[in-house]
Amino acid sequence: MAVRKTPAMLGFAARQAGHFIVDRLRSRPSRPRQVLQYLRDSTSPGDPAATLAAMDEFARKRRFLMNVGDEKGKILSDAVRASGAGNVLELGTYCAYSAILMAHQLREGHVDTLEFNPENAAAAEQIIEHAGLSARITVHTGAAADIIPTLGRQFELVFIDHWKDRYLPDLLLIERHRLIKRGSRVVADNIGMFDATPYLDHVRDCGHYTNTNYPAHMEYSDTVYDAVEVSVLRQPFGDGEDG
């Protein structure tokens with residue numbers, strides 16, 4: 001998916017490129033590692049709500065984080081509650097913010113979260129442990145396309161927030177392996193910041209989903225606009241159907 005090049009987005013990208021260069025020149029740890037240390041310094045273990053609040057504070061005051069954030073996090077939390085989850089699948093762990101947010105909403109069930117970057121995955125596991133949710137969240141390290149066929153169970157909610165050009169291919173793989181069922185919700189982040197036309201064409205036109213678009217701001221921004229698409233599976237995919 002191509003980035004929508006608005007003036008606000010271009011300004012944001014330039015600022016983040018500057019921060020990235022400074023971090024590299026000063027040999028700072030990765031962003032997830034910085035978050036982990038910040039949490040250990042500022043919060044007590046075993047408190048998911050405090051963990052999320054501290055991550056929001058870090059993102060606003062120190063360095064931007066590619067989390068779903070607090071504004072869009074409310075949309076995600078509402079979708080988790082409406083799904084009755086159950087089991088949750090997340091594509092894109094990063095700092096484990098949304099995995100913690102979703103697991104904290106569950107009365108039962110489990111979150112399986114997939115992360116391609118091994119360093120991010122290792123830091124995320126420690127952040128999840130700090131939040132006291134290791135028993136509720138499993139981090140899988142590797143490409144989503146390799147892991148999805150091995151999961152072997154259905155999910156009441158899927159949250160897609162990883163590589164933008166993989167949104168549609170990985171959803172098709174989820175459909176092909178029948179990992180979602182009638183009433184399952186598929187929540188896609190960042191579909192306002194990026195040109196998500198192929199993904200949106202599929203979920204809106206294939207005839208299997210009921211869709212709702214939620215305009216919002218990009219995480220931790222008041223000027224960059226974004227959106228979240230929530231798709232409810234109303235007609236399950238049958239055997240031999242490839243979506």
# chains A, B, ... in the order shown; residues from 1 in each chain; ligands from 1

$ select_by_dssp --residues "chain A" --states "strand (DSSP E)" --output "ChimeraX atom specification"
/A:88-91,111-115,137-141,155-160,180-188,209-217,225-233

$ residues_around --residues "Ser30 in chain A" --least-positions-apart "3" --cutoff "9 Å" --atoms "only C-alpha atoms" --output "list in words"
Asp23, Arg33, Gln34, Val35, Glu119 and Asn120 of chain A

$ closest_atom_pairs --of "range 111-130 of chain A" --to "range 156-171 of chain A" --cutoff "10 Å" --atoms "only C-alpha atoms" --output "CSV"
residue,atom,partner,partner_atom,distance
A:Val111,CA,A:Leu157,CA,9.5
A:Asp112,CA,A:Val158,CA,9.6
A:Thr113,CA,A:Phe159,CA,9.1
A:Leu114,CA,A:His162,CA,8.9
A:Glu115,CA,A:His162,CA,8.2
A:Phe116,CA,A:His162,CA,8.8

$ closest_residue --among "A:Pro215, A:Gly84, A:Pro48, A:Pro149" --to "Ala96 in chain A" --atoms "only C-alpha atoms"
A:Pro48

$ closest_residue --among "A:Leu76, A:Asn117, A:Glu108, A:His130" --to "Thr43 in chain A" --atoms "only C-alpha atoms"
A:His130
